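Structure file final_29.csv (CSV, C-alpha atoms) follows.
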```
chain,number,residue,atom,x,y,z
A,706,MET,CA,132.0,-204.1,-74.9
A,707,GLU,CA,130.1,-206.4,-72.4
A,708,PHE,CA,131.8,-207.8,-69.3
A,709,ARG,CA,130.8,-211.2,-68.0
A,710,GLY,CA,131.4,-213.1,-64.8
A,711,ILE,CA,132.9,-211.3,-61.9
A,712,MET,CA,134.0,-208.4,-64.0
A,713,GLY,CA,130.5,-208.0,-65.3
A,714,GLY,CA,129.1,-208.0,-61.8
A,715,PHE,CA,131.6,-205.3,-60.7
A,716,TYR,CA,130.7,-203.3,-63.8
A,717,ARG,CA,127.0,-203.4,-63.1
A,718,ILE,CA,127.5,-202.5,-59.5
A,719,SER,CA,129.7,-199.5,-60.4
A,720,GLU,CA,127.2,-198.4,-63.0
A,721,TRP,CA,124.4,-198.4,-60.5
A,722,ILE,CA,126.6,-196.5,-58.0
A,723,MET,CA,127.2,-193.9,-60.6
A,724,ARG,CA,123.5,-193.6,-61.5
A,725,LEU,CA,122.4,-193.3,-57.9
A,726,SER,CA,125.1,-190.8,-57.0
A,727,VAL,CA,124.4,-188.6,-60.1
A,728,ILE,CA,120.7,-188.4,-59.4
A,729,ASN,CA,121.3,-187.7,-55.7
A,730,VAL,CA,123.7,-184.9,-56.5
A,731,LEU,CA,121.2,-183.3,-58.8
A,732,TRP,CA,118.5,-183.7,-56.2
A,733,VAL,CA,120.7,-181.9,-53.6
A,734,ILE,CA,121.7,-179.1,-56.0
A,735,CYS,CA,118.1,-178.3,-57.0
A,736,ALA,CA,117.1,-178.3,-53.4
A,737,LEU,CA,120.2,-176.5,-52.1
A,738,PRO,CA,118.5,-173.7,-50.2
A,739,PHE,CA,116.6,-176.3,-48.1
A,740,PHE,CA,119.8,-178.3,-47.3
A,741,ILE,CA,121.8,-175.2,-46.4
A,742,LEU,CA,119.1,-174.1,-44.0
A,743,ALA,CA,118.8,-177.7,-42.6
A,744,LEU,CA,122.6,-177.8,-42.1
A,745,PHE,CA,122.5,-174.5,-40.2
A,746,GLY,CA,119.7,-175.8,-38.1
A,747,LEU,CA,121.6,-178.9,-37.1
A,748,MET,CA,124.7,-176.8,-36.3
A,749,SER,CA,122.6,-174.6,-34.1
A,750,LEU,CA,121.7,-177.6,-31.9
A,751,GLN,CA,125.3,-177.6,-30.7
A,752,VAL,CA,125.3,-173.9,-29.8
A,753,ASP,CA,121.9,-172.8,-28.7
A,754,ASP,CA,120.5,-174.8,-25.8
A,755,THR,CA,117.2,-173.0,-26.0
A,756,LEU,CA,116.5,-174.4,-29.5
A,757,ASN,CA,115.2,-171.0,-30.6
A,758,GLN,CA,117.5,-170.9,-33.6
A,759,PHE,CA,116.8,-174.5,-34.5
A,760,TYR,CA,113.1,-173.8,-34.6
A,761,SER,CA,113.7,-170.7,-36.7
A,762,MET,CA,115.7,-172.7,-39.2
A,763,LEU,CA,113.0,-175.4,-39.2
A,764,TRP,CA,110.4,-172.8,-40.1
A,765,LEU,CA,112.6,-171.5,-42.9
A,766,CYS,CA,113.1,-175.1,-44.2
A,767,GLY,CA,109.3,-175.5,-44.3
A,768,ILE,CA,108.9,-172.3,-46.3
A,769,VAL,CA,111.5,-173.1,-49.0
A,770,SER,CA,110.8,-176.8,-49.3
A,771,PRO,CA,107.7,-176.5,-51.6
A,772,PHE,CA,109.7,-174.5,-54.1
A,773,THR,CA,113.0,-176.5,-53.9
A,774,LEU,CA,112.8,-179.9,-52.1
A,775,PHE,CA,109.5,-181.2,-53.4
A,776,PRO,CA,110.0,-180.5,-57.1
A,777,SER,CA,113.5,-181.9,-56.9
A,778,THR,CA,112.2,-185.0,-55.2
A,779,ALA,CA,109.5,-185.4,-57.9
A,780,ALA,CA,112.3,-185.3,-60.6
A,781,MET,CA,114.3,-187.9,-58.7
A,782,PHE,CA,111.3,-190.2,-58.6
A,783,SER,CA,110.8,-189.8,-62.3
A,784,VAL,CA,114.2,-191.2,-62.9
A,785,ALA,CA,113.7,-194.0,-60.4
A,786,ARG,CA,110.5,-194.9,-62.2
A,787,LYS,CA,112.4,-195.2,-65.5
A,788,TRP,CA,114.9,-197.6,-63.9
A,789,LEU,CA,112.3,-199.8,-62.2
A,790,THR,CA,110.1,-200.1,-65.3
A,791,GLY,CA,112.9,-201.4,-67.5
A,792,GLU,CA,114.5,-198.3,-68.9
A,793,GLU,CA,117.8,-198.5,-67.1
A,794,ASP,CA,119.8,-196.6,-69.8
A,795,VAL,CA,117.8,-193.4,-69.9
A,796,PRO,CA,119.8,-190.1,-70.1
A,797,LEU,CA,120.0,-189.0,-66.4
A,798,PHE,CA,120.2,-185.3,-66.8
A,799,LYS,CA,117.5,-185.0,-69.5
A,800,THR,CA,115.1,-187.3,-67.6
A,801,PHE,CA,115.7,-185.6,-64.3
A,802,PHE,CA,115.1,-182.0,-65.5
A,803,ARG,CA,112.2,-183.1,-67.7
A,804,GLY,CA,110.5,-184.6,-64.6
A,805,TYR,CA,111.4,-181.4,-62.7
A,806,LYS,CA,109.7,-179.2,-65.2
A,807,GLU,CA,106.6,-181.4,-65.9
A,808,ASN,CA,105.9,-182.1,-62.2
A,809,PHE,CA,107.0,-178.8,-60.6
A,810,LYS,CA,103.5,-177.3,-60.0
A,811,GLN,CA,101.8,-180.4,-58.7
A,812,ALA,CA,104.9,-181.3,-56.6
A,813,MET,CA,104.9,-177.8,-55.1
A,814,LEU,CA,101.2,-177.7,-54.3
A,815,GLY,CA,101.0,-181.3,-53.1
A,816,GLY,CA,104.1,-180.8,-50.9
A,817,LEU,CA,102.5,-177.7,-49.5
A,818,ILE,CA,99.4,-179.6,-48.6
A,819,TYR,CA,101.4,-182.3,-46.9
A,820,LEU,CA,103.5,-179.7,-45.1
A,821,VAL,CA,100.3,-178.1,-43.7
A,822,PHE,CA,99.0,-181.5,-42.5
A,823,GLY,CA,102.4,-182.2,-41.0
A,824,ILE,CA,102.4,-179.0,-39.0
A,825,ILE,CA,98.9,-179.7,-37.7
A,826,ILE,CA,99.9,-183.2,-36.7
A,827,ALA,CA,103.1,-182.0,-35.0
A,828,ALA,CA,101.2,-179.3,-33.1
A,829,ASN,CA,98.6,-182.0,-31.9
A,830,PHE,CA,101.4,-184.3,-30.8
A,831,TYR,CA,103.1,-181.5,-28.9
A,832,TYR,CA,99.9,-180.7,-27.1
A,833,TYR,CA,98.8,-184.3,-26.3
A,834,ASN,CA,102.3,-185.5,-25.4
A,835,GLY,CA,102.2,-183.4,-22.2
A,836,LYS,CA,98.8,-184.7,-21.1
A,837,THR,CA,97.9,-187.7,-19.0
A,838,GLY,CA,94.9,-190.0,-18.9
A,839,GLY,CA,92.5,-190.1,-21.8
A,840,LEU,CA,94.0,-187.2,-23.6
A,841,GLY,CA,97.5,-188.7,-23.3
A,842,VAL,CA,96.3,-191.8,-25.2
A,843,LEU,CA,95.5,-189.6,-28.1
A,844,ARG,CA,99.2,-189.0,-28.8
A,845,TYR,CA,99.3,-192.6,-30.1
A,846,LEU,CA,96.6,-191.8,-32.6
A,847,VAL,CA,98.7,-188.8,-33.7
A,848,LEU,CA,101.7,-191.1,-34.1
A,849,THR,CA,99.6,-193.4,-36.3
A,850,LEU,CA,98.5,-190.4,-38.4
A,851,THR,CA,102.2,-189.4,-38.7
A,852,VAL,CA,103.1,-192.8,-40.1
A,853,LEU,CA,100.2,-192.8,-42.5
A,854,LEU,CA,101.1,-189.3,-43.7
A,855,SER,CA,104.7,-190.3,-44.2
A,856,VAL,CA,103.8,-193.4,-46.2
A,857,SER,CA,101.3,-191.6,-48.3
A,858,PHE,CA,103.9,-188.8,-48.9
A,859,PHE,CA,106.3,-191.3,-50.6
A,860,HIS,CA,103.4,-192.8,-52.5
A,861,PHE,CA,102.4,-189.3,-53.6
A,862,PHE,CA,105.7,-188.8,-55.5
A,863,SER,CA,105.5,-192.3,-57.0
A,864,ILE,CA,102.0,-191.7,-58.3
A,865,LEU,CA,103.0,-188.2,-59.5
A,866,SER,CA,105.8,-189.6,-61.6
A,867,HIS,CA,103.9,-192.6,-62.9
A,868,LEU,CA,100.3,-191.5,-63.6
A,869,HIS,CA,98.6,-188.4,-65.0
A,870,MET,CA,96.0,-187.3,-62.5
A,871,LYS,CA,94.7,-184.2,-60.8
A,872,LEU,CA,96.4,-183.2,-57.6
A,873,LEU,CA,93.6,-184.2,-55.2
A,874,GLN,CA,93.2,-187.5,-56.9
A,875,ILE,CA,96.9,-188.2,-56.4
A,876,ILE,CA,96.7,-187.4,-52.7
A,877,LYS,CA,93.5,-189.5,-52.3
A,878,ASN,CA,95.0,-192.5,-54.1
A,879,ALA,CA,98.3,-192.2,-52.1
A,880,VAL,CA,96.3,-192.3,-48.8
A,881,LEU,CA,94.1,-195.2,-50.0
A,882,ILE,CA,97.1,-197.2,-51.1
A,883,SER,CA,98.8,-196.6,-47.8
A,884,ILE,CA,95.7,-197.8,-45.9
A,885,GLY,CA,94.8,-200.7,-48.2
A,886,HIS,CA,98.3,-202.3,-48.2
A,887,PRO,CA,99.6,-202.1,-44.7
A,888,VAL,CA,102.3,-204.7,-45.0
A,889,ARG,CA,104.0,-202.9,-48.0
A,890,SER,CA,103.5,-199.6,-46.2
A,891,VAL,CA,105.2,-200.7,-43.1
A,892,SER,CA,108.0,-202.3,-45.1
A,893,MET,CA,108.6,-199.2,-47.1
A,894,ILE,CA,108.6,-196.8,-44.1
A,895,VAL,CA,110.9,-199.1,-42.1
A,896,LEU,CA,113.5,-199.4,-45.0
A,897,ASN,CA,113.3,-195.6,-45.7
A,898,GLY,CA,113.6,-194.9,-42.0
A,899,VAL,CA,116.8,-197.1,-41.8
A,900,VAL,CA,118.3,-195.2,-44.7
A,901,ILE,CA,117.5,-191.8,-43.2
A,902,TYR,CA,118.8,-192.9,-39.7
A,903,PHE,CA,122.1,-194.2,-40.9
A,904,SER,CA,122.5,-191.2,-43.3
A,905,LEU,CA,122.0,-188.7,-40.5
A,906,THR,CA,123.8,-190.5,-37.7
A,907,LYS,CA,126.4,-192.9,-39.0
A,908,PHE,CA,127.3,-192.3,-42.6
A,909,THR,CA,126.7,-188.7,-43.4
A,910,PHE,CA,128.4,-189.0,-46.8
A,911,LEU,CA,125.2,-190.8,-47.9
A,912,ILE,CA,123.2,-187.6,-47.8
A,913,PRO,CA,124.8,-185.8,-50.8
A,914,PHE,CA,125.4,-189.0,-52.8
A,915,PHE,CA,123.0,-191.8,-52.1
A,916,MET,CA,120.3,-191.1,-49.4
A,917,GLY,CA,117.6,-189.5,-51.7
A,918,SER,CA,118.1,-191.8,-54.7
A,919,ILE,CA,118.0,-194.9,-52.5
A,920,ILE,CA,114.8,-193.8,-50.9
A,921,ALA,CA,113.3,-193.0,-54.3
A,922,VAL,CA,114.1,-196.5,-55.5
A,923,ILE,CA,112.8,-198.2,-52.4
A,924,SER,CA,109.6,-196.2,-52.4
A,925,PHE,CA,108.8,-196.6,-56.1
A,926,TRP,CA,109.6,-200.3,-56.0
A,927,HIS,CA,106.9,-200.8,-53.3
A,928,PHE,CA,104.4,-198.7,-55.2
A,929,ASN,CA,105.1,-200.4,-58.5
A,930,THR,CA,104.6,-203.8,-56.8
A,931,ILE,CA,101.2,-202.7,-55.4
A,932,PHE,CA,100.2,-201.0,-58.7
A,933,GLY,CA,101.0,-204.2,-60.6
A,934,ARG,CA,98.8,-206.3,-58.4
A,935,LEU,CA,96.0,-203.8,-58.7
A,936,GLN,CA,96.3,-203.9,-62.4
A,937,ALA,CA,96.2,-207.7,-62.4
A,938,LYS,CA,93.0,-207.7,-60.3
A,939,GLN,CA,91.4,-205.1,-62.5
A,940,GLN,CA,92.2,-207.2,-65.6
A,941,GLU,CA,90.8,-210.3,-64.0
A,942,LEU,CA,87.6,-208.5,-63.1
A,943,ALA,CA,87.4,-207.2,-66.7
A,944,GLU,CA,87.8,-210.7,-68.1
A,945,LYS,CA,85.1,-212.0,-65.8
A,946,GLU,CA,82.7,-209.2,-66.8
A,947,ALA,CA,83.5,-209.9,-70.5
A,948,GLU,CA,82.7,-213.6,-70.0
A,949,ALA,CA,79.5,-212.9,-68.2
A,950,SER,CA,78.4,-210.4,-70.9
A,951,GLU,CA,79.3,-213.0,-73.5
A,952,GLU,CA,77.2,-215.6,-71.8
A,953,GLN,CA,74.2,-213.2,-71.5
A,954,GLN,CA,74.5,-212.4,-75.2
A,955,THR,CA,74.6,-216.1,-76.1
A,956,GLU,CA,71.5,-216.8,-74.0
A,957,ALA,CA,69.7,-213.9,-75.6
A,958,GLU,CA,70.6,-215.2,-79.1
A,959,GLU,CA,69.4,-218.7,-78.2
A,960,THR,CA,66.2,-217.3,-76.8
A,961,ALA,CA,65.6,-215.2,-79.9
A,962,GLN,CA,66.2,-218.3,-82.1
A,963,ASP,CA,63.7,-220.3,-80.0
A,964,ASP,CA,61.1,-217.5,-80.4
A,965,VAL,CA,61.6,-217.6,-84.2
A,966,ARG,CA,61.2,-221.3,-84.3
A,967,SER,CA,58.1,-221.1,-82.2
A,968,LEU,CA,56.5,-218.6,-84.6
A,969,GLN,CA,57.4,-220.7,-87.5
A,970,GLU,CA,55.7,-223.8,-85.9
A,971,GLY,CA,52.6,-221.8,-84.9
A,972,ARG,CA,53.4,-221.6,-81.3
A,973,ALA,CA,53.5,-218.6,-79.0
A,974,PRO,CA,57.0,-217.5,-78.2
A,975,GLY,CA,58.2,-219.2,-75.0
A,976,GLU,CA,55.4,-221.8,-75.0
A,977,ASP,CA,56.4,-225.2,-73.5
A,978,ILE,CA,56.4,-227.7,-76.4
A,979,SER,CA,55.9,-230.7,-74.3
A,980,GLU,CA,52.8,-229.2,-72.6
A,981,ARG,CA,51.3,-228.2,-75.9
A,982,ASP,CA,51.9,-231.7,-77.3
A,983,ARG,CA,50.2,-233.3,-74.2
A,984,MET,CA,47.2,-231.0,-74.6
A,985,ASN,CA,46.9,-231.9,-78.3
A,986,GLN,CA,47.2,-235.6,-77.4
A,987,ARG,CA,44.4,-235.4,-74.8
A,988,ASP,CA,42.1,-233.6,-77.3
A,989,GLU,CA,42.7,-236.3,-79.9
A,990,GLU,CA,42.0,-239.0,-77.4
A,991,GLY,CA,38.8,-237.3,-76.4
A,992,ASN,CA,37.6,-237.1,-80.0
A,993,THR,CA,38.4,-240.7,-80.8
A,994,ASN,CA,36.8,-242.1,-77.5
A,995,PRO,CA,33.5,-240.2,-77.0
A,996,SER,CA,32.3,-242.8,-74.5
A,997,LYS,CA,34.9,-241.5,-72.0
A,998,GLN,CA,33.5,-238.0,-72.0
```
Any chance you could put this one into structure tokens?
Amino acid sequence: MEFRGIMGGFYRISEWIMRLSVINVLWVICALPFFILALFGLMSLQVDDTLNQFYSMLWLCGIVSPFTLFPSTAAMFSVARKWLTGEEDVPLFKTFFRGYKENFKQAMLGGLIYLVFGIIIAANFYYYNGKTGGLGVLRYLVLTLTVLLSVSFFHFFSILSHLHMKLLQIIKNAVLISIGHPVRSVSMIVLNGVVIYFSLTKFTFLIPFFMGSIIAVISFWHFNTIFGRLQAKQQELAEKEAEASEEQQTEAEETAQDDVRSLQEGRAPGEDISERDRMNQRDEEGNTNPSKQ
């Protein structure tokens, strides 16, 4: 039964709410150890003024995230990819857990690499943030690297769910896309930042039901737009190369035909016909008018 008009609109909205919430709940369940530790870490901020317990929980979150959060996020992006490439009615559970299984290793290793870079950047920011003068300016460079790392992190999961590549190629392409398309990168990080901010500060119910799935949809939509344009440019270049190759082949065929005609007429291949005729004409005139010699 298909609803139309206002009822059809409400039905489609409710359907998308159900899809987003189901995938987000699966994301939270598969990464439950990470979220439990993160919750204890946030609760410790209200108790421990020295932040020691918070930092301990933060380290534990970093340890468990490659084995829980990152594979679960890759599975969520796999479902978002299906939705945004025209397969809206895919089975949610089957698609999610298939993506979880297929991308587990690369998501774990790639997330671990990003985690290491994140720790390095955080340590540099902590060091340069307390400096003044020339060294203090370097903290803005560290902030720029933080934004680049965050954007490429989202692109990493989009590429992982969409293309079959080796791990280092995925990371390299994620960084190149982030640098090569700054407008889309800024748009994506701003929208994702707004979702995370409101989820953590204003509407905490979004965390278990909508935060992750909305971020996955926003991130993959931006990546898919960029990827579509890259494909269009690549196809255009391929068409131009095909046209140039066809023109060269046509010129080669015409040259070969001219050479064959030249041999049939007793001329050397490539010889200028008009110049040969002028020479013959001068020889004939010289033979008929000996007085001019």
Go ahead and compute the interatomic distance for atom CA of Phe858 of chain A and atom CA of Ser924 of chain A, in Å to one decimal.
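About the pair atom CA of Phe858 of chain A and atom CA of Ser924 of chain A: they are 10.0 Å apart.
The two atoms in question, atom CA of Val888 of chain A and atom CA of Ile919 of chain A, are spaced 20.0 Å apart.
Taking atom CA of Ala785 of chain A as the reference point, atom CA of Leu850 of chain A is found at 27.0 Å.
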(110.9, -201.0, -49.7) in this file's frame - what residues fall within 6 Å of it? Use only C-alpha atoms and give the answer as a PDB file with C-alpha atoms, in the frame of the given file.
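The result, written out as result_8.pdb:
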```pdb
ATOM      1  CA  SER A 892     108.000-202.300 -45.100  1.00  0.00           C
ATOM      2  CA  MET A 893     108.600-199.200 -47.100  1.00  0.00           C
ATOM      3  CA  LEU A 896     113.500-199.400 -45.000  1.00  0.00           C
ATOM      4  CA  ILE A 923     112.800-198.200 -52.400  1.00  0.00           C
ATOM      5  CA  SER A 924     109.600-196.200 -52.400  1.00  0.00           C
ATOM      6  CA  HIS A 927     106.900-200.800 -53.300  1.00  0.00           C
TER       7      HIS A 927
END
```
Using only C-alpha atoms, the shortest atom-to-atom distance to Arg724 of chain A among A:Ile931, A:Leu797, A:Val847, A:Leu747 belongs to A:Leu797
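The environment of Lys810 of chain A within 12 Å, counting all atoms listed in the file and disregarding residues fewer than 2 places along the same chain, consists of Pro771, Phe772, Thr773, Phe775, Pro776, Ser777, Ala779, Ala780, Gly804, Tyr805, Lys806, Glu807, Asn808, Ala812, Met813, Leu814, Gly815, Gly816, Leu817, Leu865, Lys871 and Leu872 of chain A.
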Please check which residues have atoms at most 12 Å from (124.2, -182.2, -57.3) in the file's coordinates, counting all atoms listed in the file, and write them as a VMD selection string.
chain A and resid 725 to 737 740 777 781 798 801 912 to 915 917 to 918
Counting all atoms listed in the file, figure out which residue out of A:Val784, A:Ile824, A:Val899, A:Leu744 gets nearest to Ala921 of chain A.
A:Val784
Hey, which of A:Ile920, A:Lys938, A:Leu848, A:Ala879 ends up closest to Ser904 of chain A? Count all atoms listed in the file.
A:Ile920
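Shortest separation to Val852 of chain A among A:Leu820, A:Met916, A:Leu756, A:Ile826 occurs at residue A:Ile826, atoms counted being only C-alpha atoms.
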When distances are computed from all atoms listed in the file, which of A:Ser866, A:Thr909, A:Ile741, A:Glu959 shows the smallest separation from Thr790 of chain A?
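Using all atoms listed in the file, the shortest distance to Thr790 of chain A belongs to A:Ser866.
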